[in-house]
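The file data.txt comes next; it holds compact mmCIF, C-alpha atoms.
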# COMPACT_ATOMS: atom_id res chain seq x y z
CA MET A 1 -6.03 -19.78 13.48
CA ASN A 2 -9.10 -19.07 11.42
CA GLN A 3 -8.22 -20.17 7.87
CA ASP A 4 -10.30 -17.40 6.27
CA PHE A 5 -8.48 -14.79 8.34
CA ASN A 6 -5.12 -16.39 7.56
CA THR A 7 -5.83 -16.35 3.80
CA LEU A 8 -7.08 -12.76 3.95
CA ILE A 9 -4.09 -11.44 5.89
CA ASP A 10 -1.64 -13.30 3.64
CA GLU A 11 -3.22 -11.66 0.60
CA ALA A 12 -3.13 -8.25 2.32
CA ILE A 13 0.58 -8.72 3.14
CA LEU A 14 1.21 -9.70 -0.48
CA LEU A 15 -0.59 -6.54 -1.62
CA GLU A 16 1.67 -4.32 0.48
CA LEU A 17 4.79 -6.11 -0.79
CA ASN A 18 3.63 -5.92 -4.41
CA VAL A 19 2.97 -2.20 -4.10
CA SER A 20 6.43 -1.79 -2.58
CA ASP A 21 7.94 -3.69 -5.52
CA LEU A 22 6.07 -1.44 -7.94
CA TYR A 23 7.35 1.69 -6.19
CA MET A 24 10.89 0.32 -6.21
CA LEU A 25 10.56 -0.14 -9.97
CA PHE A 26 9.44 3.48 -10.26
CA TYR A 27 12.38 4.49 -8.06
CA ARG A 28 14.77 2.84 -10.52
CA HIS A 29 13.06 4.14 -13.67
CA PHE A 30 12.36 7.72 -12.61
CA PRO A 31 15.39 9.10 -10.76
CA GLU A 32 13.93 12.62 -10.77
CA ASP A 33 11.24 11.26 -8.41
CA GLY A 34 13.48 8.66 -6.76
CA GLN A 35 13.33 9.98 -3.23
CA PHE A 36 9.52 10.13 -3.34
CA TRP A 37 9.17 6.53 -4.62
CA TRP A 38 11.82 5.23 -2.21
CA LYS A 39 9.95 6.62 0.80
CA LEU A 40 6.63 5.14 -0.34
CA ALA A 41 8.24 1.75 -1.07
CA ILE A 42 9.72 1.60 2.44
CA GLU A 43 6.38 2.60 3.96
CA GLU A 44 4.63 -0.20 2.06
CA GLN A 45 7.19 -2.65 3.47
CA ASN A 46 6.41 -1.28 6.93
CA HIS A 47 2.69 -1.88 6.30
CA ALA A 48 3.47 -5.50 5.39
CA ALA A 49 5.52 -5.88 8.58
CA LEU A 50 2.62 -4.57 10.69
CA LEU A 51 0.25 -7.01 9.03
CA LYS A 52 2.70 -9.84 9.73
CA THR A 53 2.67 -8.79 13.37
CA ILE A 54 -1.12 -8.92 13.38
CA LYS A 55 -0.94 -12.43 11.92
CA GLN A 56 1.39 -13.48 14.76
CA MET A 57 -0.90 -11.90 17.35
CA ASP A 58 -3.84 -13.84 15.98
CA HIS A 59 -1.75 -17.02 16.16
CA PHE A 60 -1.30 -16.37 19.90
CA HIS A 61 -5.02 -15.60 20.28
CA ILE A 62 -4.46 -11.93 21.09
CA GLN A 63 -7.55 -9.96 20.17
CA ILE A 64 -6.77 -7.78 17.17
CA PRO A 65 -8.95 -5.29 15.35
CA ARG A 66 -10.46 -7.08 12.35
CA GLU A 67 -11.26 -3.72 10.79
CA ILE A 68 -7.66 -3.43 9.62
CA LEU A 69 -8.42 -5.88 6.81
CA PRO A 70 -10.97 -5.55 4.04
CA ALA A 71 -13.80 -8.05 4.13
CA GLY A 72 -13.33 -9.42 0.62
CA LEU A 73 -10.51 -11.69 -0.49
CA GLU A 74 -11.52 -11.24 -4.13
CA GLU A 75 -10.76 -7.51 -4.03
CA LEU A 76 -7.28 -8.15 -2.67
CA GLU A 77 -6.59 -10.89 -5.21
CA ALA A 78 -7.72 -8.64 -8.07
CA ALA A 79 -5.54 -5.78 -6.82
CA ASN A 80 -2.54 -8.09 -6.51
CA GLU A 81 -3.07 -9.41 -10.03
CA LYS A 82 -3.38 -5.89 -11.38
CA ILE A 83 -0.13 -4.81 -9.68
CA VAL A 84 1.84 -7.85 -10.88
CA LEU A 85 0.69 -7.17 -14.45
CA ALA A 86 1.57 -3.48 -14.07
CA ILE A 87 5.08 -4.32 -12.84
CA ALA A 88 5.66 -6.36 -16.00
CA GLU A 89 4.22 -3.58 -18.16
CA PHE A 90 6.22 -0.80 -16.48
CA GLU A 91 9.46 -2.78 -16.89
CA ASN A 92 9.15 -2.00 -20.60
CA LEU A 93 6.98 1.12 -20.57
CA GLN A 94 8.76 3.88 -18.76
CA ASP A 95 6.00 6.47 -18.73
CA ARG A 96 6.30 8.78 -15.72
CA ASN A 97 2.77 10.18 -16.03
CA LYS A 98 1.20 6.72 -16.22
CA ALA A 99 3.32 5.56 -13.29
CA PHE A 100 1.93 8.30 -11.06
CA GLN A 101 -1.61 7.81 -12.33
CA PHE A 102 -1.44 4.06 -11.74
CA ALA A 103 0.03 4.53 -8.25
CA HIS A 104 -2.74 6.98 -7.35
CA ASN A 105 -5.32 4.51 -8.64
CA ILE A 106 -3.81 1.64 -6.63
CA GLU A 107 -3.70 3.71 -3.45
CA ASN A 108 -7.43 4.26 -3.90
CA SER A 109 -8.09 0.53 -4.38
CA ALA A 110 -9.90 -1.55 -1.78
CA GLY A 111 -6.95 -2.98 0.13
CA GLU A 112 -4.79 0.10 0.28
CA LEU A 113 -7.67 2.48 0.96
CA HIS A 114 -9.01 0.22 3.70
CA TYR A 115 -5.62 0.11 5.45
CA ASP A 116 -5.30 3.90 5.27
CA THR A 117 -8.85 4.43 6.56
CA PHE A 118 -8.11 2.16 9.53
CA MET A 119 -4.90 4.04 10.34
CA ASN A 120 -6.68 7.41 10.13
CA SER A 121 -9.69 6.40 12.25
CA ALA A 122 -10.06 7.00 15.97
CA ALA A 123 -8.45 4.28 18.06
CA ASN A 124 -11.15 2.07 19.60
CA SER A 125 -8.76 -0.18 21.54
CA HIS A 126 -5.31 -0.21 23.07
CA ILE A 127 -4.11 -2.58 20.31
CA GLN A 128 -5.39 -0.26 17.58
CA SER A 129 -3.67 2.66 19.28
CA VAL A 130 -0.38 0.72 19.35
CA PHE A 131 -0.64 -0.12 15.64
CA LYS A 132 -1.38 3.49 14.78
CA LYS A 133 1.72 4.59 16.71
CA LEU A 134 3.84 1.94 14.99
CA ASN A 135 2.50 3.03 11.62
CA GLY A 136 3.35 6.65 12.41
CA GLU A 137 3.11 8.94 9.42
CA ASP A 138 3.23 6.08 6.90
CA LYS A 139 -0.22 6.88 5.56
CA ASN A 140 -2.21 9.06 3.20
CA HIS A 141 -0.34 7.71 0.18
CA ALA A 142 -3.09 8.56 -2.29
CA GLU A 143 -3.22 12.16 -1.09
CA ARG A 144 0.58 12.46 -1.07
CA ILE A 145 0.80 11.10 -4.61
CA ARG A 146 -1.93 13.49 -5.77
CA LYS A 147 -0.16 16.45 -4.15
CA TYR A 148 3.17 15.46 -5.70
CA MET A 149 1.48 15.21 -9.09
CA ILE A 150 0.01 18.70 -8.71
CA ASP A 151 3.28 20.19 -7.43
CA HIS A 152 5.22 18.64 -10.34
CA HIS A 153 2.62 19.31 -13.05
CA ILE A 154 1.90 15.63 -13.70
CA PRO A 155 -1.51 15.08 -15.36
CA GLN A 156 -4.12 13.59 -13.02
CA ALA A 157 -5.70 11.27 -15.59
CA VAL A 158 -5.05 9.80 -18.99
CA SER A 159 -7.95 9.81 -21.42
CA GLY A 160 -9.34 6.33 -21.86
CA SER A 161 -7.98 4.93 -18.59

Would you mind writing the file out in structure tokens?
Amino acid sequence: MNQDFNTLIDEAILLELNVSDLYMLFYRHFPEDGQFWWKLAIEEQNHAALLKTIKQMDHFHIQIPREILPAGLEELEAANEKIVLAIAEFENLQDRNKAFQFAHNIENSAGELHYDTFMNSAANSHIQSVFKKLNGEDKNHAERIRKYMIDHHIPQAVSGS
């Protein structure tokens, strides 16, 4: 297995799991939005499972679409670091508005946005088509968060952030 690919996919899997952990924290802290956060957390776990499948396929030398992963490891590492720090911060700071704003920001970050773009693009191969079917409707998180914020009168941005 290509070590660069292995490192990149491991970091992408970690990103999905970290985002899921963050959403589970929000689920626990904000029961009025619990169902929303629960669904997103489960979908992030599903994304991680799909990436793990891709890693296994690569191990068996099955051609997989490289476009599913962002090109830069540094972006993924930075996003993971940011999420881990946010989880620690949100353990003590239970601010519903900031939780939604941070989640929207993360869903527009390199790793998450790249995954969503791949899942929303036209299938160029049978393998990509299979992954899109497996992913189902587990996409468009940024848009769904934004819509939920609008529907529930949650401010879109905090001044100075």

Practice problem: Dig up all the protein and nucleic acid residues within 7 Å of (-5.8, -5.0, -4.5) in the file frame, using only C-alpha atoms, and format them as a ChimeraX atom specification. | Solution: /A:15,75-80,109-111

Could you work out an axis-aligned box for range 88-102 of chain A, taking every atom the file lists and adding 4 Å on each side, and report centre and edge lengths in Å to one decimal, as AutoDock Vina command-line options?
--center_x 3.9 --center_y 1.9 --center_z -15.8 --size_x 19.1 --size_y 24.5 --size_z 17.5

List every protein, DNA or RNA residue with an atom no more than 12 Å from (4.8, 15.7, -11.2) in the file's coordinates, counting only C-alpha atoms, and format the result as a PDB file with C-alpha atoms, in the frame of the given file.
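What ended up in part_36.pdb:
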ATOM      1  CA  PHE A  30      12.360   7.720 -12.610  1.00  0.00           C
ATOM      2  CA  GLU A  32      13.930  12.620 -10.770  1.00  0.00           C
ATOM      3  CA  ASP A  33      11.240  11.260  -8.410  1.00  0.00           C
ATOM      4  CA  PHE A  36       9.520  10.130  -3.340  1.00  0.00           C
ATOM      5  CA  ASP A  95       6.000   6.470 -18.730  1.00  0.00           C
ATOM      6  CA  ARG A  96       6.300   8.780 -15.720  1.00  0.00           C
ATOM      7  CA  ASN A  97       2.770  10.180 -16.030  1.00  0.00           C
ATOM      8  CA  LYS A  98       1.200   6.720 -16.220  1.00  0.00           C
ATOM      9  CA  ALA A  99       3.320   5.560 -13.290  1.00  0.00           C
ATOM     10  CA  PHE A 100       1.930   8.300 -11.060  1.00  0.00           C
ATOM     11  CA  GLN A 101      -1.610   7.810 -12.330  1.00  0.00           C
ATOM     12  CA  ARG A 144       0.580  12.460  -1.070  1.00  0.00           C
ATOM     13  CA  ILE A 145       0.800  11.100  -4.610  1.00  0.00           C
ATOM     14  CA  ARG A 146      -1.930  13.490  -5.770  1.00  0.00           C
ATOM     15  CA  LYS A 147      -0.160  16.450  -4.150  1.00  0.00           C
ATOM     16  CA  TYR A 148       3.170  15.460  -5.700  1.00  0.00           C
ATOM     17  CA  MET A 149       1.480  15.210  -9.090  1.00  0.00           C
ATOM     18  CA  ILE A 150       0.010  18.700  -8.710  1.00  0.00           C
ATOM     19  CA  ASP A 151       3.280  20.190  -7.430  1.00  0.00           C
ATOM     20  CA  HIS A 152       5.220  18.640 -10.340  1.00  0.00           C
ATOM     21  CA  HIS A 153       2.620  19.310 -13.050  1.00  0.00           C
ATOM     22  CA  ILE A 154       1.900  15.630 -13.700  1.00  0.00           C
ATOM     23  CA  PRO A 155      -1.510  15.080 -15.360  1.00  0.00           C
ATOM     24  CA  GLN A 156      -4.120  13.590 -13.020  1.00  0.00           C
TER      25      GLN A 156
END

When you look at Leu17 in chain A with a cut-off of 10 Å (counting only C-alpha atoms), what residues show up, excluding the ones that are within fewer than 2 positions of it in the same chain? I need them as a PDB file with C-alpha atoms, in the coordinates of the input.
ATOM      1  CA  GLU A  11      -3.220 -11.660   0.600  1.00  0.00           C
ATOM      2  CA  ALA A  12      -3.130  -8.250   2.320  1.00  0.00           C
ATOM      3  CA  ILE A  13       0.580  -8.720   3.140  1.00  0.00           C
ATOM      4  CA  LEU A  14       1.210  -9.700  -0.480  1.00  0.00           C
ATOM      5  CA  LEU A  15      -0.590  -6.540  -1.620  1.00  0.00           C
ATOM      6  CA  VAL A  19       2.970  -2.200  -4.100  1.00  0.00           C
ATOM      7  CA  SER A  20       6.430  -1.790  -2.580  1.00  0.00           C
ATOM      8  CA  ASP A  21       7.940  -3.690  -5.520  1.00  0.00           C
ATOM      9  CA  LEU A  22       6.070  -1.440  -7.940  1.00  0.00           C
ATOM     10  CA  TYR A  23       7.350   1.690  -6.190  1.00  0.00           C
ATOM     11  CA  ALA A  41       8.240   1.750  -1.070  1.00  0.00           C
ATOM     12  CA  ILE A  42       9.720   1.600   2.440  1.00  0.00           C
ATOM     13  CA  GLU A  44       4.630  -0.200   2.060  1.00  0.00           C
ATOM     14  CA  GLN A  45       7.190  -2.650   3.470  1.00  0.00           C
ATOM     15  CA  ASN A  46       6.410  -1.280   6.930  1.00  0.00           C
ATOM     16  CA  HIS A  47       2.690  -1.880   6.300  1.00  0.00           C
ATOM     17  CA  ALA A  48       3.470  -5.500   5.390  1.00  0.00           C
ATOM     18  CA  ALA A  49       5.520  -5.880   8.580  1.00  0.00           C
ATOM     19  CA  ASN A  80      -2.540  -8.090  -6.510  1.00  0.00           C
TER      20      ASN A  80
END

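Counting only C-alpha atoms and comparing A:His61, A:Lys55, A:Lys39, A:Lys82, the residue that lies closest to Thr7 in chain A is A:Lys55.
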